[in-house]
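What follows is a set of notes on a single structure, which appears directly below.
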Amino acid sequence: MREIGRYILKISFLFVIIFSTNAEGKVLSIGNPDAKVVVKVFSSLTCPHCANFHAEIFDNLKDDFIDKGLVRFEHHAFPLDLAALNAEIVVRCHNDNKKKFELLGKYYKEQKKWAVGSDINKINELLKKVGVEIDFEIEKMDNCLKNDKAQDEILNQRINAQNKYKIESTPTIIINEKKYTGKVNYNQFKKAIEKKL
(Lines give C-alpha, C1' and ligand atoms only; values in the text may rest on other atoms or scores of the structure.)
Protein backbone atom coordinates (compact mmCIF):
# COMPACT_ATOMS: atom_id res chain seq x y z
CA MET A 1 0.00 0.00 0.00
CA ARG A 2 2.85 2.35 0.90
CA GLU A 3 4.58 1.53 -2.44
CA ILE A 4 1.41 2.49 -4.36
CA GLY A 5 1.32 5.79 -2.46
CA ARG A 6 4.94 6.52 -3.38
CA TYR A 7 4.28 5.62 -7.03
CA ILE A 8 1.29 7.99 -7.20
CA LEU A 9 3.38 10.75 -5.57
CA LYS A 10 6.18 10.26 -8.13
CA ILE A 11 3.74 10.34 -11.06
CA SER A 12 2.05 13.47 -9.66
CA PHE A 13 5.40 15.21 -9.19
CA LEU A 14 6.48 14.26 -12.71
CA PHE A 15 3.19 15.61 -14.10
CA VAL A 16 3.71 18.93 -12.29
CA ILE A 17 7.25 19.26 -13.70
CA ILE A 18 6.11 18.44 -17.24
CA PHE A 19 3.08 20.72 -17.01
CA SER A 20 5.10 23.63 -15.58
CA THR A 21 7.76 23.31 -18.26
CA ASN A 22 5.11 23.12 -20.95
CA ALA A 23 3.26 26.17 -19.61
CA GLU A 24 6.49 28.20 -19.43
CA GLY A 25 7.42 27.07 -22.94
CA LYS A 26 4.20 28.56 -24.31
CA VAL A 27 5.07 32.07 -23.10
CA LEU A 28 5.43 34.55 -25.96
CA SER A 29 9.03 35.81 -25.88
CA ILE A 30 11.47 37.74 -28.02
CA GLY A 31 15.20 38.37 -27.68
CA ASN A 32 18.31 36.53 -26.58
CA PRO A 33 17.34 33.50 -24.44
CA ASP A 34 20.61 33.97 -22.50
CA ALA A 35 20.17 37.72 -21.93
CA LYS A 36 21.31 39.07 -18.57
CA VAL A 37 18.00 40.92 -18.15
CA VAL A 38 14.56 39.34 -18.51
CA VAL A 39 11.51 41.59 -18.61
CA LYS A 40 8.21 39.82 -17.95
CA VAL A 41 4.99 41.73 -18.56
CA PHE A 42 1.72 40.26 -17.29
CA SER A 43 -1.04 41.95 -19.23
CA SER A 44 -4.56 41.73 -20.55
CA LEU A 45 -5.17 42.67 -24.18
CA THR A 46 -8.30 44.63 -23.21
CA CYS A 47 -6.45 46.70 -20.58
CA PRO A 48 -5.81 50.33 -21.72
CA HIS A 49 -2.79 50.66 -19.38
CA CYS A 50 -1.29 47.54 -21.01
CA ALA A 51 -1.81 49.05 -24.47
CA ASN A 52 -0.13 52.23 -23.25
CA PHE A 53 2.84 50.26 -21.88
CA HIS A 54 3.25 48.46 -25.20
CA ALA A 55 3.11 51.73 -27.15
CA GLU A 56 5.34 53.75 -24.81
CA ILE A 57 7.88 51.12 -23.75
CA PHE A 58 8.03 48.02 -25.94
CA ASP A 59 9.16 49.51 -29.28
CA ASN A 60 11.89 51.57 -27.60
CA LEU A 61 12.95 48.58 -25.50
CA LYS A 62 13.16 46.47 -28.65
CA ASP A 63 15.38 49.00 -30.46
CA ASP A 64 17.66 49.78 -27.52
CA PHE A 65 17.99 46.41 -25.78
CA ILE A 66 16.11 43.43 -27.24
CA ASP A 67 17.51 43.64 -30.79
CA LYS A 68 21.02 44.06 -29.34
CA GLY A 69 20.73 40.81 -27.36
CA LEU A 70 20.79 42.55 -23.98
CA VAL A 71 17.20 41.86 -22.90
CA ARG A 72 14.70 39.05 -23.34
CA PHE A 73 11.10 40.25 -23.29
CA GLU A 74 8.26 37.94 -22.27
CA HIS A 75 4.59 38.69 -22.79
CA HIS A 76 2.60 36.74 -20.20
CA ALA A 77 -1.12 36.41 -20.83
CA PHE A 78 -3.19 37.62 -17.91
CA PRO A 79 -6.66 37.99 -19.48
CA LEU A 80 -9.20 39.90 -17.40
CA ASP A 81 -12.18 38.94 -19.57
CA LEU A 82 -13.28 36.62 -22.39
CA ALA A 83 -12.41 39.13 -25.11
CA ALA A 84 -8.80 39.32 -23.87
CA LEU A 85 -8.64 35.53 -23.59
CA ASN A 86 -9.79 35.07 -27.18
CA ALA A 87 -7.35 37.71 -28.41
CA GLU A 88 -4.51 35.78 -26.72
CA ILE A 89 -5.69 32.57 -28.37
CA VAL A 90 -5.55 34.21 -31.81
CA VAL A 91 -2.10 35.70 -31.12
CA ARG A 92 -0.76 32.21 -30.31
CA CYS A 93 -2.42 30.80 -33.40
CA HIS A 94 0.40 31.73 -35.78
CA ASN A 95 3.57 29.64 -36.03
CA ASP A 96 5.81 32.65 -36.73
CA ASN A 97 6.99 34.40 -33.55
CA LYS A 98 7.54 37.69 -35.39
CA LYS A 99 3.93 37.60 -36.65
CA LYS A 100 2.70 36.89 -33.11
CA PHE A 101 4.37 40.05 -31.83
CA GLU A 102 3.12 41.99 -34.84
CA LEU A 103 -0.46 40.94 -34.06
CA LEU A 104 0.03 41.61 -30.36
CA GLY A 105 1.06 45.19 -31.18
CA LYS A 106 -1.85 45.60 -33.59
CA TYR A 107 -4.38 44.38 -31.00
CA TYR A 108 -3.04 46.90 -28.50
CA LYS A 109 -3.02 49.70 -31.09
CA GLU A 110 -6.57 48.97 -32.26
CA GLN A 111 -7.95 48.00 -28.85
CA LYS A 112 -10.78 50.56 -29.02
CA LYS A 113 -11.98 49.06 -32.33
CA TRP A 114 -12.33 45.41 -31.30
CA ALA A 115 -12.64 45.37 -27.48
CA VAL A 116 -16.14 46.83 -27.53
CA GLY A 117 -19.47 45.62 -26.15
CA SER A 118 -20.30 42.27 -24.61
CA ASP A 119 -21.21 40.23 -27.71
CA ILE A 120 -18.29 37.79 -27.86
CA ASN A 121 -19.24 36.62 -31.37
CA LYS A 122 -18.95 40.19 -32.65
CA ILE A 123 -15.65 40.63 -30.79
CA ASN A 124 -14.32 37.40 -32.33
CA GLU A 125 -15.21 38.69 -35.82
CA LEU A 126 -13.37 41.94 -35.11
CA LEU A 127 -10.35 40.01 -33.78
CA LYS A 128 -10.24 37.94 -36.98
CA LYS A 129 -10.59 41.08 -39.10
CA VAL A 130 -7.44 42.49 -37.49
CA GLY A 131 -5.69 39.12 -37.94
CA VAL A 132 -6.47 39.03 -41.66
CA GLU A 133 -4.71 42.41 -42.07
CA ILE A 134 -1.41 40.70 -41.25
CA ASP A 135 -2.03 37.50 -43.23
CA PHE A 136 -3.65 35.26 -40.62
CA GLU A 137 -6.04 32.79 -42.23
CA ILE A 138 -9.67 33.03 -41.06
CA GLU A 139 -10.10 29.25 -41.04
CA LYS A 140 -7.03 28.81 -38.85
CA MET A 141 -8.21 31.52 -36.44
CA ASP A 142 -11.65 29.86 -36.26
CA ASN A 143 -10.06 26.52 -35.41
CA CYS A 144 -7.84 28.10 -32.76
CA LEU A 145 -10.80 29.83 -31.11
CA LYS A 146 -12.53 26.44 -30.84
CA ASN A 147 -9.45 24.85 -29.24
CA ASP A 148 -10.19 24.25 -25.54
CA LYS A 149 -6.56 23.21 -24.94
CA ALA A 150 -5.26 26.67 -25.93
CA GLN A 151 -7.80 28.30 -23.64
CA ASP A 152 -6.86 26.00 -20.74
CA GLU A 153 -3.13 26.69 -21.21
CA ILE A 154 -3.66 30.45 -21.02
CA LEU A 155 -5.94 30.22 -17.98
CA ASN A 156 -3.51 27.89 -16.21
CA GLN A 157 -0.67 30.31 -16.88
CA ARG A 158 -2.79 33.09 -15.40
CA ILE A 159 -3.44 31.02 -12.24
CA ASN A 160 0.26 30.13 -11.92
CA ALA A 161 1.27 33.78 -12.36
CA GLN A 162 -1.26 34.91 -9.77
CA ASN A 163 0.08 32.39 -7.26
CA LYS A 164 3.75 33.13 -7.94
CA TYR A 165 3.75 36.92 -8.32
CA LYS A 166 0.58 37.97 -6.43
CA ILE A 167 -0.56 40.10 -9.35
CA GLU A 168 -3.03 42.82 -8.34
CA SER A 169 -3.29 44.82 -11.54
CA THR A 170 -2.24 44.86 -15.19
CA PRO A 171 0.27 45.45 -16.48
CA THR A 172 2.51 43.93 -13.81
CA ILE A 173 6.15 44.24 -14.85
CA ILE A 174 8.86 41.96 -13.50
CA ILE A 175 12.53 42.67 -14.19
CA ASN A 176 14.81 39.76 -13.26
CA GLU A 177 12.12 38.36 -10.94
CA LYS A 178 11.58 41.68 -9.10
CA LYS A 179 8.46 43.80 -9.51
CA TYR A 180 9.04 47.10 -11.26
CA THR A 181 7.11 49.81 -9.42
CA GLY A 182 8.39 52.92 -11.15
CA LYS A 183 6.46 55.14 -13.53
CA VAL A 184 5.65 53.70 -16.92
CA ASN A 185 7.74 56.19 -18.83
CA TYR A 186 10.55 55.02 -21.04
CA ASN A 187 13.39 57.10 -19.57
CA GLN A 188 12.77 55.74 -16.06
CA PHE A 189 12.23 52.22 -17.36
CA LYS A 190 15.45 52.44 -19.36
CA LYS A 191 17.38 53.42 -16.22
CA ALA A 192 15.93 50.43 -14.35
CA ILE A 193 17.15 48.13 -17.15
CA GLU A 194 20.61 49.72 -17.36
CA LYS A 195 21.18 49.20 -13.63
CA LYS A 196 20.88 45.45 -14.18
CA LEU A 197 23.20 45.19 -17.19
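Residues are named by chain letter and number: chains run A, B, ... in the order of the C-alpha coordinates, numbers start at 1 in each chain, and ligands are numbered from 1 in the order shown.
Residues in contact range of Gln151 (chain A), defined as at most 8 Å between only C-alpha atoms, with sequence neighbours fewer than 2 positions away removed, read A:Leu85, A:Asn86, A:Ile89, A:Asn147, A:Asp148, A:Lys149, A:Glu153, A:Ile154, A:Leu155.
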key: strand (DSSP E or B) call set, DSSP backbone run, region 28-109 of chain A, as a list in words   = Leu28, Ser29, Ile30, Val37, Val38, Val39, Lys40, Val41, Phe42, Ser43, Val71, Arg72, Phe73, Glu74, His75, His76 and Ala77 of chain A
So that I have them on file, write out the residues from the current selection with N, CA and C atoms, as a short mmCIF file (atom, residue, chain, number, x, y, z; two decimals), in the first residue's frame.
data_model
loop_
_atom_site.label_atom_id
_atom_site.label_comp_id
_atom_site.auth_asym_id
_atom_site.auth_seq_id
_atom_site.Cartn_x
_atom_site.Cartn_y
_atom_site.Cartn_z
N LEU A 28 5.01 33.83 -24.77
CA LEU A 28 5.43 34.55 -25.96
C LEU A 28 6.65 35.40 -25.62
N SER A 29 7.80 35.09 -26.23
CA SER A 29 9.03 35.81 -25.88
C SER A 29 9.81 36.20 -27.12
N ILE A 30 10.63 37.24 -26.93
CA ILE A 30 11.47 37.74 -28.02
C ILE A 30 12.79 38.19 -27.42
N VAL A 37 19.22 40.32 -18.68
CA VAL A 37 18.00 40.92 -18.15
C VAL A 37 16.78 40.30 -18.83
N VAL A 38 15.83 39.88 -18.00
CA VAL A 38 14.56 39.34 -18.51
C VAL A 38 13.42 40.22 -18.00
N VAL A 39 12.67 40.76 -18.94
CA VAL A 39 11.51 41.59 -18.61
C VAL A 39 10.25 40.76 -18.87
N LYS A 40 9.48 40.54 -17.82
CA LYS A 40 8.21 39.82 -17.95
C LYS A 40 7.08 40.83 -17.76
N VAL A 41 6.14 40.83 -18.69
CA VAL A 41 4.99 41.73 -18.56
C VAL A 41 3.72 40.88 -18.55
N PHE A 42 2.99 40.98 -17.45
CA PHE A 42 1.72 40.26 -17.29
C PHE A 42 0.62 41.25 -17.65
N SER A 43 -0.07 40.96 -18.75
CA SER A 43 -1.04 41.95 -19.23
C SER A 43 -2.27 41.31 -19.86
N VAL A 71 18.41 42.11 -23.67
CA VAL A 71 17.20 41.86 -22.90
C VAL A 71 16.33 40.83 -23.61
N ARG A 72 15.77 39.93 -22.83
CA ARG A 72 14.70 39.05 -23.34
C ARG A 72 13.38 39.59 -22.80
N PHE A 73 12.41 39.73 -23.68
CA PHE A 73 11.10 40.25 -23.29
C PHE A 73 10.09 39.11 -23.36
N GLU A 74 9.30 38.98 -22.30
CA GLU A 74 8.26 37.94 -22.27
C GLU A 74 6.89 38.57 -22.05
N HIS A 75 5.99 38.26 -22.95
CA HIS A 75 4.59 38.69 -22.79
C HIS A 75 3.86 37.53 -22.13
N HIS A 76 3.35 37.76 -20.92
CA HIS A 76 2.60 36.74 -20.20
C HIS A 76 1.12 37.09 -20.21
N ALA A 77 0.32 36.17 -20.74
CA ALA A 77 -1.12 36.41 -20.83
C ALA A 77 -1.74 36.44 -19.44
#
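Distance-wise, CA of Val130 (chain A) and CA of Glu88 (chain A) end up 13.0 Å apart.
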message = as a ChimeraX atom specification, please: every residue in chain A that DSSP puts in helix (DSSP H, G or I).
response = /A:2-25,48-66,82-91,97-109,111-114,120-133,138-145,148-165,186-194
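Using only C-alpha atoms for every distance, the candidate list A:Asn95, A:Thr46, A:Asn32, A:Asn163 yields A:Thr46 as the residue closest to Ile123 (chain A).
Closest approach to Lys191 (chain A) among A:Asp81, A:Asp59, A:Asp64, A:Glu168 is made by A:Asp64 (distances from only C-alpha atoms).
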request  = Please identify all polymer residues within 8 Å of Cys144 (chain A), counting only C-alpha atoms, omitting same-chain residues fewer than 6 positions from it, and present them as JSON, numbers by chain.
outcome  = {"A": [89, 90, 93, 150]}
Written file, previous selection with N, CA and C atoms, as a tab-separated table (two decimals), in the first residue's frame:
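Just written: selection-v3.tsv:
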chain	number	residue	atom	x	y	z
A	89	ILE	N	-5.62	33.82	-27.61
A	89	ILE	CA	-5.69	32.57	-28.37
A	89	ILE	C	-5.32	32.81	-29.82
A	90	VAL	N	-5.84	33.90	-30.41
A	90	VAL	CA	-5.55	34.21	-31.81
A	90	VAL	C	-4.08	34.58	-31.98
A	93	CYS	N	-1.99	31.66	-32.30
A	93	CYS	CA	-2.42	30.80	-33.40
A	93	CYS	C	-1.36	30.68	-34.50
A	150	ALA	N	-5.92	25.35	-25.91
A	150	ALA	CA	-5.26	26.67	-25.93
A	150	ALA	C	-5.82	27.55	-24.83
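Of the listed residues A:Arg158, A:Lys196, A:Lys112, A:Lys183, the one whose atoms come nearest to Ser44 (chain A) is A:Arg158, with distances taken using only C-alpha atoms.
For the set A:Phe53, A:Phe78, A:Tyr108, A:Phe65, the residue with the smallest atom-to-atom gap to Ser169 (chain A) is A:Phe78, counting only C-alpha atoms.
Across A:Glu177, A:Glu133, A:Asp119, A:Asp152, the tightest approach to Glu102 (chain A) is made by A:Glu133 when counting only C-alpha atoms.
Closest approach to Lys190 (chain A) from the set A:Lys166, A:Lys62, A:His49, A:Lys26 is made by A:Lys62, with distances taken over only C-alpha atoms.
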ask   = Could you name the residues that touch Phe189 (chain A) at 9 Å or less, counting only C-alpha atoms, but leaving out those on the same chain fewer than 4 positions away, as JSON, numbers by chain?
value = {"A": [57, 61, 180, 182, 183, 184, 185, 193, 194]}
